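Colleague: Structure file upload04.cif, mmCIF, C-alpha atoms, is pasted below:
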data_work
loop_
_atom_site.label_atom_id
_atom_site.label_comp_id
_atom_site.auth_asym_id
_atom_site.auth_seq_id
_atom_site.Cartn_x
_atom_site.Cartn_y
_atom_site.Cartn_z
CA MET A 13 12.43 -20.19 -5.63
CA TRP A 14 12.37 -20.05 -1.83
CA PRO A 15 14.02 -23.18 -0.41
CA TYR A 16 11.76 -24.98 2.05
CA HIS A 17 13.37 -26.15 5.30
CA PRO A 18 10.50 -26.98 7.67
CA ASP A 19 12.91 -27.89 10.46
CA LEU A 20 14.06 -24.26 10.55
CA LEU A 21 10.50 -22.95 10.81
CA ASP A 22 9.33 -25.24 13.61
CA VAL A 23 9.61 -22.70 16.46
CA PRO A 24 6.96 -19.93 16.37
CA VAL A 25 8.47 -16.47 16.82
CA PRO A 26 7.26 -12.89 17.46
CA ARG A 27 6.46 -10.47 14.66
CA TYR A 28 8.80 -7.91 16.28
CA THR A 29 6.70 -4.79 15.92
CA SER A 30 8.58 -3.79 19.06
CA TYR A 31 11.50 -4.99 21.12
CA PRO A 32 10.97 -6.18 23.75
CA THR A 33 7.68 -7.56 22.46
CA ALA A 34 4.32 -7.04 24.17
CA ALA A 35 4.51 -10.64 25.39
CA ASP A 36 7.38 -9.56 27.63
CA PHE A 37 5.71 -6.52 29.18
CA GLY A 38 5.33 -6.30 32.94
CA PRO A 39 4.35 -3.73 35.60
CA LEU A 40 5.73 -0.23 35.09
CA GLU A 41 6.94 2.25 37.66
CA PRO A 42 4.21 4.79 38.56
CA PHE A 43 4.07 7.78 36.16
CA ALA A 44 6.58 6.21 33.76
CA LEU A 45 4.49 7.19 30.74
CA GLU A 46 3.82 10.70 32.03
CA THR A 47 7.56 11.27 32.50
CA ALA A 48 8.40 9.96 29.02
CA ILE A 49 5.84 12.28 27.41
CA GLU A 50 7.10 15.30 29.37
CA GLN A 51 10.66 14.64 28.17
CA THR A 52 9.73 14.27 24.49
CA VAL A 53 11.29 16.59 21.92
CA GLY A 54 11.23 16.78 18.13
CA ASP A 55 8.74 15.04 15.84
CA VAL A 56 6.02 12.87 17.36
CA SER A 57 3.52 10.39 15.92
CA LEU A 58 0.11 9.67 17.43
CA TYR A 59 -2.01 6.52 17.26
CA LEU A 60 -5.68 6.42 18.30
CA HIS A 61 -7.34 3.05 18.93
CA ILE A 62 -11.04 2.66 18.16
CA PRO A 63 -12.01 -0.75 19.64
CA PHE A 64 -15.28 -1.25 17.78
CA CYS A 65 -16.54 -3.08 14.70
CA GLU A 66 -20.09 -3.45 13.41
CA GLU A 67 -19.37 -7.15 12.82
CA ILE A 68 -16.68 -9.23 14.54
CA CYS A 69 -14.70 -11.56 12.27
CA PHE A 70 -14.02 -15.06 13.58
CA TYR A 71 -10.25 -14.87 13.01
CA CYS A 72 -9.62 -11.48 14.61
CA GLY A 73 -7.28 -11.17 17.58
CA CYS A 74 -7.63 -7.39 17.88
CA ASN A 75 -8.96 -5.64 20.97
CA THR A 76 -12.42 -4.87 19.60
CA SER A 77 -16.14 -5.40 20.27
CA ARG A 78 -19.46 -4.70 18.57
CA SER A 79 -20.41 -1.07 18.12
CA GLY A 80 -24.16 -1.68 18.44
CA LYS A 81 -24.57 -0.10 21.88
CA ARG A 82 -24.34 3.62 21.18
CA ALA A 83 -24.03 4.61 24.83
CA ARG A 84 -20.88 2.50 25.17
CA VAL A 85 -19.34 4.00 22.01
CA GLU A 86 -20.16 7.55 23.10
CA SER A 87 -18.72 7.06 26.60
CA TYR A 88 -15.54 5.56 25.11
CA LEU A 89 -15.09 8.50 22.75
CA ALA A 90 -15.65 10.92 25.65
CA ALA A 91 -12.87 9.16 27.56
CA LEU A 92 -10.62 9.30 24.49
CA HIS A 93 -11.16 13.07 24.30
CA HIS A 94 -10.10 13.31 27.94
CA GLU A 95 -6.95 11.34 27.17
CA ILE A 96 -6.16 13.62 24.22
CA GLU A 97 -6.32 16.59 26.57
CA SER A 98 -4.21 14.84 29.22
CA VAL A 99 -1.46 13.85 26.78
CA ALA A 100 -1.42 17.26 25.11
CA HIS A 101 -1.08 18.93 28.50
CA LEU A 102 2.04 16.85 29.25
CA LEU A 103 3.68 17.10 25.83
CA PRO A 104 6.10 20.03 25.50
CA ARG A 105 4.91 22.67 23.05
CA GLU A 106 8.11 22.35 21.01
CA ALA A 107 7.23 18.74 20.19
CA ARG A 108 5.58 18.62 16.77
CA VAL A 109 2.95 16.06 15.77
CA ARG A 110 3.75 14.99 12.21
CA ARG A 111 1.79 11.73 11.85
CA ILE A 112 -1.61 10.65 13.12
CA ALA A 113 -3.00 7.13 12.64
CA PHE A 114 -6.42 5.72 13.49
CA GLY A 115 -6.73 1.97 13.99
CA GLY A 116 -8.82 -0.63 15.71
CA GLY A 117 -11.10 -2.43 15.44
CA SER A 118 -12.53 -0.37 12.67
CA PRO A 119 -12.45 3.43 13.05
CA ASN A 120 -15.34 3.65 10.59
CA ALA A 121 -17.53 1.78 13.09
CA ILE A 122 -18.13 5.16 14.74
CA LEU A 123 -20.10 7.95 13.06
CA PRO A 124 -18.30 10.15 10.50
CA GLN A 125 -19.04 13.26 12.56
CA GLU A 126 -17.58 11.60 15.66
CA PHE A 127 -14.41 10.95 13.70
CA LEU A 128 -14.21 14.55 12.49
CA THR A 129 -14.67 15.75 16.07
CA LEU A 130 -11.65 13.65 17.09
CA VAL A 131 -9.58 15.17 14.28
CA GLU A 132 -10.67 18.65 15.36
CA ALA A 133 -9.65 17.90 18.96
CA LEU A 134 -6.19 16.71 17.87
CA ASN A 135 -5.64 19.84 15.80
CA HIS A 136 -6.82 22.01 18.69
CA HIS A 137 -4.80 20.45 21.52
CA PHE A 138 -1.53 19.50 19.80
CA GLU A 139 1.08 21.39 17.81
CA VAL A 140 0.16 19.64 14.55
CA THR A 141 2.62 20.44 11.75
CA SER A 142 1.85 19.40 8.14
CA PRO A 143 0.47 16.09 9.40
CA GLU A 144 0.27 12.80 7.50
CA PHE A 145 -3.03 11.10 8.39
CA SER A 146 -3.74 7.38 7.98
CA ILE A 147 -6.68 5.15 8.87
CA GLU A 148 -7.72 1.49 8.92
CA LEU A 149 -11.12 0.78 7.41
CA ASP A 150 -13.66 -2.03 7.15
CA PRO A 151 -15.10 -1.96 3.61
CA ARG A 152 -18.35 -3.50 4.89
CA THR A 153 -19.12 -0.28 6.73
CA MET A 154 -17.79 2.23 4.21
CA SER A 155 -20.19 4.82 2.84
CA ALA A 156 -20.23 7.93 0.69
CA GLU A 157 -20.60 9.96 3.90
CA TRP A 158 -17.47 8.36 5.34
CA GLY A 159 -15.65 9.12 2.10
CA ARG A 160 -16.55 12.78 2.42
CA ALA A 161 -15.41 12.82 6.06
CA LEU A 162 -12.01 11.39 5.11
CA GLY A 163 -11.61 14.06 2.47
CA GLU A 164 -12.59 16.82 4.89
CA ALA A 165 -10.10 15.52 7.48
CA GLY A 166 -7.26 15.43 4.96
CA ILE A 167 -6.62 11.68 5.18
CA THR A 168 -4.18 10.57 2.46
CA ARG A 169 -3.39 6.99 3.52
CA ALA A 170 -5.89 4.22 4.13
CA SER A 171 -5.78 0.48 4.71
CA MET A 172 -8.72 -1.81 4.01
CA GLY A 173 -9.09 -5.22 5.62
CA VAL A 174 -10.01 -7.29 2.57
CA GLN A 175 -8.35 -10.62 3.59
CA THR A 176 -9.73 -12.63 0.65
CA PHE A 177 -12.06 -12.31 -2.35
CA ALA A 178 -13.04 -16.01 -2.24
CA PRO A 179 -16.69 -16.23 -1.01
CA HIS A 180 -16.26 -19.65 0.63
CA CYS A 181 -13.24 -18.41 2.58
CA GLN A 182 -15.06 -15.21 3.57
CA LYS A 183 -17.94 -17.27 4.95
CA ALA A 184 -15.56 -19.51 6.91
CA ILE A 185 -13.92 -16.52 8.65
CA GLY A 186 -17.08 -14.45 9.16
CA ARG A 187 -16.16 -11.66 6.78
CA GLU A 188 -18.52 -11.71 3.81
CA GLN A 189 -18.08 -8.80 1.41
CA ASP A 190 -18.73 -8.92 -2.32
CA ASP A 191 -16.45 -7.52 -5.02
CA ALA A 192 -18.78 -4.64 -5.83
CA LEU A 193 -18.59 -3.44 -2.23
CA ILE A 194 -14.78 -3.35 -2.37
CA CYS A 195 -14.82 -1.52 -5.73
CA ARG A 196 -17.28 1.05 -4.43
CA SER A 197 -15.13 1.63 -1.34
CA VAL A 198 -12.02 2.12 -3.49
CA ASP A 199 -13.86 4.73 -5.56
CA TRP A 200 -14.96 6.62 -2.44
CA LEU A 201 -11.42 6.56 -1.05
CA ARG A 202 -9.79 7.78 -4.26
CA ASP A 203 -12.39 10.54 -4.58
CA ALA A 204 -11.56 11.55 -0.98
CA GLY A 205 -7.90 12.07 -1.88
CA ILE A 206 -6.37 8.79 -0.72
CA THR A 207 -3.03 8.51 -2.53
CA SER A 208 -1.64 5.47 -0.67
CA LEU A 209 -4.18 2.64 -0.44
CA ASN A 210 -3.27 -0.63 1.28
CA PHE A 211 -5.12 -3.94 1.09
CA ASP A 212 -4.65 -6.49 3.89
CA LEU A 213 -4.76 -10.03 2.50
CA MET A 214 -4.32 -13.38 4.25
CA TYR A 215 -3.11 -16.83 3.31
CA GLY A 216 -3.58 -20.05 5.27
CA LEU A 217 -7.33 -19.43 5.64
CA PRO A 218 -9.85 -22.28 6.03
CA PHE A 219 -10.70 -23.96 2.70
CA GLN A 220 -8.32 -21.58 0.89
CA THR A 221 -6.45 -22.93 -2.13
CA GLU A 222 -3.56 -21.51 -4.10
CA ALA A 223 -6.06 -20.71 -6.86
CA ASP A 224 -8.11 -18.68 -4.35
CA LEU A 225 -5.02 -16.72 -3.35
CA ALA A 226 -4.07 -16.12 -6.99
CA ASP A 227 -7.57 -14.77 -7.64
CA SER A 228 -7.38 -12.40 -4.65
CA LEU A 229 -3.97 -11.12 -5.71
CA ASP A 230 -5.26 -10.52 -9.25
CA TYR A 231 -8.32 -8.60 -7.98
CA THR A 232 -6.12 -6.52 -5.70
CA ARG A 233 -3.78 -5.53 -8.52
CA ARG A 234 -6.68 -4.65 -10.81
CA MET A 235 -8.21 -2.44 -8.13
CA GLY A 236 -4.97 -0.47 -8.00
CA ALA A 237 -3.81 -1.00 -4.41
CA ASP A 238 -0.59 0.93 -3.83
CA ARG A 239 0.44 -1.38 -1.00
CA LEU A 240 -0.35 -4.86 0.24
CA ALA A 241 0.20 -6.64 3.52
CA VAL A 242 -0.02 -10.42 3.03
CA PHE A 243 -0.25 -12.12 6.41
CA GLY A 244 -0.39 -15.78 7.34
CA TYR A 245 -3.48 -16.58 9.40
CA ALA A 246 -2.47 -17.60 12.94
CA HIS A 247 -4.91 -20.10 14.43
CA VAL A 248 -4.54 -19.75 18.20
CA PRO A 249 -8.02 -20.39 19.68
CA HIS A 250 -6.48 -20.86 23.16
CA PHE A 251 -5.56 -17.13 22.99
CA VAL A 252 -8.38 -15.89 20.72
CA PRO A 253 -11.56 -17.72 21.81
CA ARG A 254 -13.63 -16.44 18.87
CA GLN A 255 -11.40 -18.52 16.56
CA ARG A 256 -13.05 -21.66 17.96
CA VAL A 257 -15.78 -21.08 15.37
CA ILE A 258 -13.23 -21.82 12.62
CA ASP A 259 -12.87 -25.45 11.54
CA ALA A 260 -9.20 -26.23 12.20
CA SER A 261 -9.39 -29.30 9.95
CA ALA A 262 -10.08 -26.98 6.98
CA LEU A 263 -6.84 -25.04 7.43
CA PRO A 264 -4.06 -25.54 4.87
CA GLY A 265 -1.08 -27.50 6.16
CA ARG A 266 2.37 -26.13 6.85
CA ASP A 267 3.73 -27.04 3.40
CA THR A 268 0.82 -25.34 1.65
CA ARG A 269 1.17 -22.21 3.80
CA PHE A 270 4.80 -21.91 2.78
CA ALA A 271 3.85 -22.38 -0.89
CA MET A 272 1.19 -19.67 -0.56
CA ALA A 273 3.63 -17.19 1.00
CA HIS A 274 6.06 -17.80 -1.86
CA GLN A 275 3.23 -17.57 -4.40
CA ALA A 276 2.26 -14.10 -3.12
CA PHE A 277 5.90 -12.96 -3.19
CA GLU A 278 6.44 -14.17 -6.76
CA ASP A 279 3.11 -12.84 -8.04
CA LEU A 280 3.51 -9.35 -6.62
CA THR A 281 7.21 -8.83 -7.31
CA SER A 282 6.58 -9.98 -10.90
CA ASN A 283 3.82 -7.40 -11.32
CA GLY A 284 5.44 -4.13 -10.29
CA TYR A 285 5.44 -4.39 -6.49
CA ARG A 286 8.58 -4.13 -4.39
CA ALA A 287 8.93 -6.51 -1.46
CA ILE A 288 8.98 -4.59 1.83
CA GLY A 289 10.44 -6.84 4.48
CA PHE A 290 8.86 -10.28 4.58
CA ASP A 291 5.12 -9.62 4.22
CA HIS A 292 4.53 -6.15 2.74
CA PHE A 293 4.64 -4.97 -0.86
CA ALA A 294 4.43 -1.52 -2.48
CA LEU A 295 4.38 0.01 -5.94
CA LYS A 296 7.47 2.05 -6.74
CA HIS A 297 5.69 5.43 -6.37
CA ASP A 298 4.49 4.66 -2.84
CA PRO A 299 6.34 6.23 0.13
CA MET A 300 6.92 2.77 1.61
CA ALA A 301 8.82 1.67 -1.49
CA GLU A 302 10.80 4.91 -1.41
CA ALA A 303 11.76 4.26 2.22
CA ALA A 304 12.92 0.75 1.29
CA ARG A 305 15.00 2.17 -1.56
CA ASN A 306 16.73 4.87 0.45
CA GLY A 307 17.30 2.80 3.59
CA THR A 308 14.89 4.64 5.90
CA LEU A 309 12.33 1.85 6.28
CA ARG A 310 11.46 1.19 9.93
CA ARG A 311 9.26 -1.12 11.97
CA ASN A 312 6.96 -0.19 14.85
CA PHE A 313 3.60 -1.20 16.31
CA GLN A 314 1.93 -0.55 12.97
CA GLY A 315 4.32 -2.90 11.14
CA PHE A 316 6.69 -1.70 8.42
CA THR A 317 6.60 2.07 8.12
CA ASP A 318 8.28 5.08 6.55
CA ASP A 319 7.69 7.05 9.77
CA PRO A 320 11.07 8.38 10.99
CA SER A 321 9.89 9.50 14.44
CA PRO A 322 11.36 7.62 17.43
CA VAL A 323 8.27 8.49 19.50
CA LEU A 324 4.79 7.04 18.96
CA ILE A 325 2.16 7.95 21.55
CA GLY A 326 -0.80 5.58 21.64
CA MET A 327 -4.21 6.67 22.92
CA GLY A 328 -7.24 4.51 23.55
CA ALA A 329 -7.76 1.14 25.24
CA SER A 330 -4.80 -1.26 24.72
CA ALA A 331 -2.85 1.30 22.62
CA ILE A 332 0.93 1.07 22.99
CA SER A 333 3.29 4.03 23.22
CA GLY A 334 6.90 3.70 22.15
CA PHE A 335 9.87 5.85 23.25
CA PRO A 336 13.59 5.10 23.01
CA GLY A 337 13.66 4.18 26.69
CA LEU A 338 10.11 2.99 27.31
CA LEU A 339 7.28 0.89 25.89
CA ALA A 340 3.94 1.39 27.66
CA GLN A 341 0.53 -0.15 27.03
CA ASN A 342 -2.77 1.40 28.02
CA GLU A 343 -5.40 -0.46 30.01
CA LYS A 344 -6.82 -3.17 27.74
CA ASN A 345 -10.29 -3.40 29.27
CA ALA A 346 -12.45 -0.72 27.63
CA GLY A 347 -14.59 -0.25 30.74
CA ARG A 348 -11.63 0.35 33.06
CA TYR A 349 -10.00 2.51 30.41
CA ARG A 350 -13.12 4.71 30.21
CA MET A 351 -13.23 5.11 33.99
CA LEU A 352 -9.54 6.04 34.35
CA ALA A 353 -9.24 8.27 31.29
CA SER A 354 -12.45 10.15 32.11
CA GLN A 355 -10.86 11.14 35.42
CA GLY A 356 -7.93 12.74 33.58
CA ASN A 357 -5.52 9.85 34.21
CA LEU A 358 -3.21 8.10 31.81
CA THR A 359 -4.00 4.40 31.98
CA ALA A 360 -0.69 2.69 31.15
CA ASP A 361 0.74 0.63 34.00
CA HIS A 362 2.10 -2.20 31.86
CA GLY A 363 5.14 -2.22 29.58
CA VAL A 364 8.91 -2.25 29.85
CA ALA A 365 11.69 0.24 30.54
CA ARG A 366 14.14 -0.35 27.68
CA THR A 367 17.73 -0.73 28.82
CA GLY A 368 20.66 0.23 26.62
CA GLU A 369 21.04 -3.47 25.79
CA ASP A 370 17.36 -3.67 24.79
CA GLN A 371 17.74 -0.65 22.52
CA LEU A 372 20.80 -2.17 20.86
CA ARG A 373 19.15 -5.53 20.27
CA GLY A 374 15.99 -3.81 19.04
CA LYS A 375 18.02 -1.79 16.54
CA LEU A 376 19.73 -4.92 15.18
CA ILE A 377 16.44 -6.82 14.91
CA GLU A 378 14.84 -3.87 13.10
CA GLU A 379 17.78 -3.66 10.66
CA LEU A 380 17.51 -7.37 9.86
CA LEU A 381 13.77 -7.22 9.24
CA CYS A 382 13.77 -3.93 7.32
CA HIS A 383 17.05 -4.13 5.40
CA SER A 384 18.08 -7.82 5.64
CA ARG A 385 21.44 -6.88 7.13
CA THR A 386 23.07 -5.70 10.31
CA THR A 387 26.41 -5.59 12.11
CA LEU A 388 26.62 -7.70 15.24
CA THR A 389 28.63 -6.93 18.34
CA PRO A 390 31.34 -9.47 19.18
CA CYS A 391 29.40 -10.55 22.26
CA LEU A 392 26.12 -11.11 20.40
CA HIS A 393 27.93 -12.89 17.59
CA ALA A 394 29.37 -15.33 20.08
CA ARG A 395 25.94 -15.92 21.64
CA ILE A 396 24.07 -16.64 18.38
CA ARG A 397 26.82 -18.37 16.38
CA GLU A 398 25.57 -21.88 17.08
CA SER A 399 21.91 -21.05 16.32
CA LEU A 400 22.88 -19.22 13.13
CA ALA A 401 25.06 -22.02 11.75
CA PRO A 402 22.36 -24.06 9.93
CA PHE A 403 21.05 -20.92 8.22
CA LEU A 404 24.52 -20.03 6.99
CA ALA A 405 25.15 -23.59 5.86
CA ARG A 406 21.99 -23.59 3.71
CA GLY A 407 22.63 -20.19 2.13
CA LEU A 408 19.77 -18.43 3.91
CA ALA A 409 22.20 -15.93 5.40
CA VAL A 410 25.82 -14.94 4.81
CA GLN A 411 28.35 -13.52 7.20
CA SER A 412 31.51 -11.50 6.73
CA GLY A 413 33.20 -10.79 10.02
CA LEU A 414 30.46 -9.29 12.18
CA ASP A 415 28.32 -8.27 9.19
CA LEU A 416 25.23 -10.51 8.86
CA THR A 417 23.03 -10.47 5.73
CA ILE A 418 19.84 -12.42 5.05
CA THR A 419 19.82 -13.58 1.43
CA GLU A 420 16.77 -13.34 -0.83
CA GLN A 421 16.30 -17.09 -0.38
CA GLY A 422 16.39 -16.56 3.38
CA LEU A 423 13.66 -13.91 3.46
CA PRO A 424 10.94 -16.23 4.83
CA TYR A 425 13.31 -17.13 7.68
CA ALA A 426 13.97 -13.50 8.67
CA ARG A 427 11.86 -13.56 11.85
CA VAL A 428 13.51 -16.77 12.99
CA ILE A 429 17.00 -15.36 12.43
CA ALA A 430 16.04 -12.11 14.17
CA SER A 431 14.76 -14.07 17.18
CA PHE A 432 18.31 -15.23 17.96
CA LEU A 433 19.01 -11.66 19.09
CA ASP A 434 16.04 -11.69 21.48
CA ARG A 435 17.23 -12.25 25.05
CA PHE A 436 13.68 -12.97 26.19
CA ARG A 437 13.42 -15.95 23.85
CA GLU A 438 16.45 -17.36 25.64
CA GLU A 439 14.58 -17.19 28.94
CA THR A 440 10.97 -18.09 28.09
CA THR A 441 8.98 -20.47 25.91
CA LYS A 442 5.93 -18.32 25.18
CA VAL A 443 3.85 -19.26 22.15
CA PHE A 444 3.81 -17.03 19.08
CA SER A 445 2.55 -17.32 15.50
CA ALA A 446 4.30 -19.38 12.84
CA ALA A 447 7.06 -17.56 10.94
CA ILE A 448 5.27 -18.42 7.67
#
Could you render the structure as structure tokens?
Modeller:
Amino acid sequence: MWPYHPDLLDVPVPRYTSYPTAADFGPLEPFALETAIEQTVGDVSLYLHIPFCEEICFYCGCNTSRSGKRARVESYLAALHHEIESVAHLLPREARVRRIAFGGGSPNAILPQEFLTLVEALNHHFEVTSPEFSIELDPRTMSAEWGRALGEAGITRASMGVQTFAPHCQKAIGREQDDALICRSVDWLRDAGITSLNFDLMYGLPFQTEADLADSLDYTRRMGADRLAVFGYAHVPHFVPRQRVIDASALPGRDTRFAMAHQAFEDLTSNGYRAIGFDHFALKHDPMAEAARNGTLRRNFQGFTDDPSPVLIGMGASAISGFPGLLAQNEKNAGRYRMLASQGNLTADHGVARTGEDQLRGKLIEELLCHSRTTLTPCLHARIRESLAPFLARGLAVQSGLDLTITEQGLPYARVIASFLDRFREETTKVFSAAI
């Protein structure tokens, strides 16, 4: 059983898909991204952001809008093609693209042929070497035609935003999708050659009970998902205005949220899934589980990953690029992004140049979240000793010299413990989501 210490979970903390986090980005020096791309060597990963959905869910904090206006979608895709050319022109030919991910929004909010044209452009402009393709999908807009397009493109990994199978919860969050629709989408994806299928689920939703969560977990297992991401819903209407539609009084309390997180962990790890970090799970045959076993699991802007590349180049509005010495975010506003990218410009002027100290702290945070252990420097140990003490006293972490390990009981507190290594949390009081 996970021990429940609400006093240790009181302070919301970042999810640490990067360090420093996007909340700590500021203005970049001119041409910082261009220089980083020009100096890239070795294996590279690409991420393309499609900021459109046919229907916008009430809970969603992603940079996305409705895809109903075709002219807006077409002009965005034209700008994205310009950015592909611009990035490819800067990237040295010896750099090899090994992974390509499409996210959003919902990439399947565009037309299948538009998607295939993007894939063709990537293959044409970049040195693509035995690539691993992945995509995020909205099952409400899946179709047989989209299934065929994924097969033609060679996509092998897909993630579906399911969130919950409970109809009353779906209605409350603006994401109504019946079981038959999910089943049909799974069939299309498997027929297309998808070998690693992820379901995104959520707990802490309005009107959601532990029985609702149990039912969703059972459906997910029976549909054969290879991976699951089980996230706690973060209700922050002051940051995400569309969440104002959600009845805050219907949200489960803090105690229930913790119980739900533990319920998902127990259910999945008792039924063949390996825990990956604090909110992901994978069957033993899945590459994510293999990475957890052999110690190569990493964390980047896409969450936990088996991607070994230190360079991720993001394209599209709001996409973030990550290099050892730089994090850079593209223009968030789709209209300004279209204007700048269509003129052959890279649009990132926001981010952070990562110092050697940032890179060290980021490495230690990543090790804690991915492997539940790290080795502190004497200086950092001295700085966090007081904050760490209550976690050590309650058996949530153990320490031997400078070696720090998060115990299995301490897993739900991993983000809190990792935050002690974050120098920006020492200096600011920005609001983040709850750790559980």
Colleague: Taking the file as I've supplied it (selection: the PyMOL selection byres ((chain A and resi 183-199) around 9)), which residues are included? Please answer as a PyMOL selection string.
Modeller: chain A and resi 67-72+151-152+154-156+159+172+174-182+200-204+209+217-219+231+235-237+255+257-259
Colleague: I would like the residues chosen by the PyMOL selection byres ((chain A and resi 139) around 8) on the shown file; could you give them as a PyMOL selection string?
Modeller: chain A and resi 105-109+135-138+140-141
Colleague: Leaving out range 57-59 of chain A and any residue of its chain fewer than 3 positions from it, which residues lie within 9 Å of it when counting only C-alpha atoms, given as a list in words?
Modeller: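 Result of the neighbour search: Arg108, Val109, Arg110, Arg111, Ile112, Ala113, Phe114, Gly115, Asp319, Ser321, Pro322, Val323, Leu324, Ile325, Gly326, Met327, Gly328, Ala331, Ile332 and Ser333 of chain A.
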Colleague: Measuring atom to atom with all atoms listed in the file, identify which of A:Leu92, A:Leu423, A:Val25, A:Ala133 is nearest to Phe277 in chain A.
Modeller: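 Using all atoms listed in the file, the shortest distance to Phe277 in chain A belongs to A:Leu423.
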Colleague: Please measure the separation of CA of Ala170 in chain A and CA of Asn210 in chain A, giving the value in Å to one decimal.
Modeller: 6.2 Å
Colleague: With distances taken over all atoms listed in the file, which of A:Ala83, A:Leu103, A:Ile448, A:Leu372 is nearest to His274 in chain A?
Modeller: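 That would be A:Ile448, the residue with the smallest distance to His274 in chain A.
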Colleague: Of the candidates A:Leu408, A:Met13, A:Tyr215, A:Gly284, which one gets nearest to Ala246 in chain A if we count all atoms listed in the file?
Modeller: A:Tyr215
Colleague: Would you kindly identify which residues have an atom no farther than 12 Å from (-12.0, 2.0, 32.1), using all atoms listed in the file and the file's own coordinates, and write them out as a PyMOL selection string?
Modeller: chain A and resi 84+87-92+95+328-330+342-360
Colleague: Any chance you could resolve the PyMOL selection byres ((chain A and resi 296) around 8) against this file and give the residues as an NGL selection string?
Modeller: :A and (284-286 or 294-295 or 297-298 or 301-302)
Colleague: Generate a file of the selected residues that holds C-alpha atoms, formatted as a JSON list (two decimals), in the coordinates of the input.
Modeller:
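Result file is selection_34.json:
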[["chain", "number", "residue", "atom", "x", "y", "z"],
["A", 284, "GLY", "CA", 5.44, -4.13, -10.29],
["A", 285, "TYR", "CA", 5.44, -4.39, -6.49],
["A", 286, "ARG", "CA", 8.58, -4.13, -4.39],
["A", 294, "ALA", "CA", 4.43, -1.52, -2.48],
["A", 295, "LEU", "CA", 4.38, 0.01, -5.94],
["A", 297, "HIS", "CA", 5.69, 5.43, -6.37],
["A", 298, "ASP", "CA", 4.49, 4.66, -2.84],
["A", 301, "ALA", "CA", 8.82, 1.67, -1.49],
["A", 302, "GLU", "CA", 10.80, 4.91, -1.41]]
Colleague: What's the separation between CA of Thr419 in chain A and CA of Thr268 in chain A, in Å to one decimal place?
Modeller: 22.3 Å
Colleague: Can you work out the spacing between CA of Phe313 in chain A and CA of Glu50 in chain A in Å, to one decimal?
Modeller: 21.3 Å
Colleague: Point out the residue among A:Leu225, A:Leu263, A:Ala340, A:Met300 with the least atom-to-atom distance to Phe43 in chain A, counting all atoms listed in the file.
Modeller: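 Using all atoms listed in the file, the shortest distance to Phe43 in chain A belongs to A:Ala340.
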Colleague: Starting from the incomplete input, reconstruct N, CA and C atoms of range 216-228 of chain A and write that as a PDB file, in the coordinates of the input.
Modeller:
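To be explicit, this is the file written out as result.pdb:
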ATOM      1  N   GLY A 216      -3.421 -19.078   4.193  1.00  0.00           N
ATOM      2  CA  GLY A 216      -3.580 -20.050   5.270  1.00  0.00           C
ATOM      3  C   GLY A 216      -4.966 -20.037   5.879  1.00  0.00           C
ATOM      4  N   LEU A 217      -5.962 -19.500   5.145  1.00  0.00           N
ATOM      5  CA  LEU A 217      -7.330 -19.430   5.640  1.00  0.00           C
ATOM      6  C   LEU A 217      -8.051 -20.775   5.451  1.00  0.00           C
ATOM      7  N   PRO A 218      -9.120 -21.026   6.203  1.00  0.00           N
ATOM      8  CA  PRO A 218      -9.850 -22.280   6.030  1.00  0.00           C
ATOM      9  C   PRO A 218     -10.418 -22.413   4.618  1.00  0.00           C
ATOM     10  N   PHE A 219     -10.223 -23.591   4.047  1.00  0.00           N
ATOM     11  CA  PHE A 219     -10.700 -23.960   2.700  1.00  0.00           C
ATOM     12  C   PHE A 219      -9.997 -23.186   1.582  1.00  0.00           C
ATOM     13  N   GLN A 220      -9.004 -22.386   1.905  1.00  0.00           N
ATOM     14  CA  GLN A 220      -8.320 -21.580   0.890  1.00  0.00           C
ATOM     15  C   GLN A 220      -7.354 -22.446   0.081  1.00  0.00           C
ATOM     16  N   THR A 221      -7.384 -22.249  -1.240  1.00  0.00           N
ATOM     17  CA  THR A 221      -6.450 -22.930  -2.130  1.00  0.00           C
ATOM     18  C   THR A 221      -5.501 -21.906  -2.743  1.00  0.00           C
ATOM     19  N   GLU A 222      -4.475 -22.408  -3.407  1.00  0.00           N
ATOM     20  CA  GLU A 222      -3.560 -21.510  -4.100  1.00  0.00           C
ATOM     21  C   GLU A 222      -4.265 -20.760  -5.216  1.00  0.00           C
ATOM     22  N   ALA A 223      -5.271 -21.394  -5.828  1.00  0.00           N
ATOM     23  CA  ALA A 223      -6.060 -20.710  -6.860  1.00  0.00           C
ATOM     24  C   ALA A 223      -6.865 -19.557  -6.251  1.00  0.00           C
ATOM     25  N   ASP A 224      -7.391 -19.756  -5.031  1.00  0.00           N
ATOM     26  CA  ASP A 224      -8.110 -18.680  -4.350  1.00  0.00           C
ATOM     27  C   ASP A 224      -7.193 -17.496  -4.081  1.00  0.00           C
ATOM     28  N   LEU A 225      -5.975 -17.794  -3.633  1.00  0.00           N
ATOM     29  CA  LEU A 225      -5.020 -16.720  -3.350  1.00  0.00           C
ATOM     30  C   LEU A 225      -4.639 -15.988  -4.629  1.00  0.00           C
ATOM     31  N   ALA A 226      -4.417 -16.740  -5.704  1.00  0.00           N
ATOM     32  CA  ALA A 226      -4.070 -16.120  -6.990  1.00  0.00           C
ATOM     33  C   ALA A 226      -5.175 -15.171  -7.441  1.00  0.00           C
ATOM     34  N   ASP A 227      -6.424 -15.590  -7.246  1.00  0.00           N
ATOM     35  CA  ASP A 227      -7.570 -14.770  -7.640  1.00  0.00           C
ATOM     36  C   ASP A 227      -7.617 -13.481  -6.811  1.00  0.00           C
ATOM     37  N   SER A 228      -7.354 -13.582  -5.508  1.00  0.00           N
ATOM     38  CA  SER A 228      -7.380 -12.400  -4.650  1.00  0.00           C
ATOM     39  C   SER A 228      -6.256 -11.436  -5.006  1.00  0.00           C
TER      40      SER A 228
END
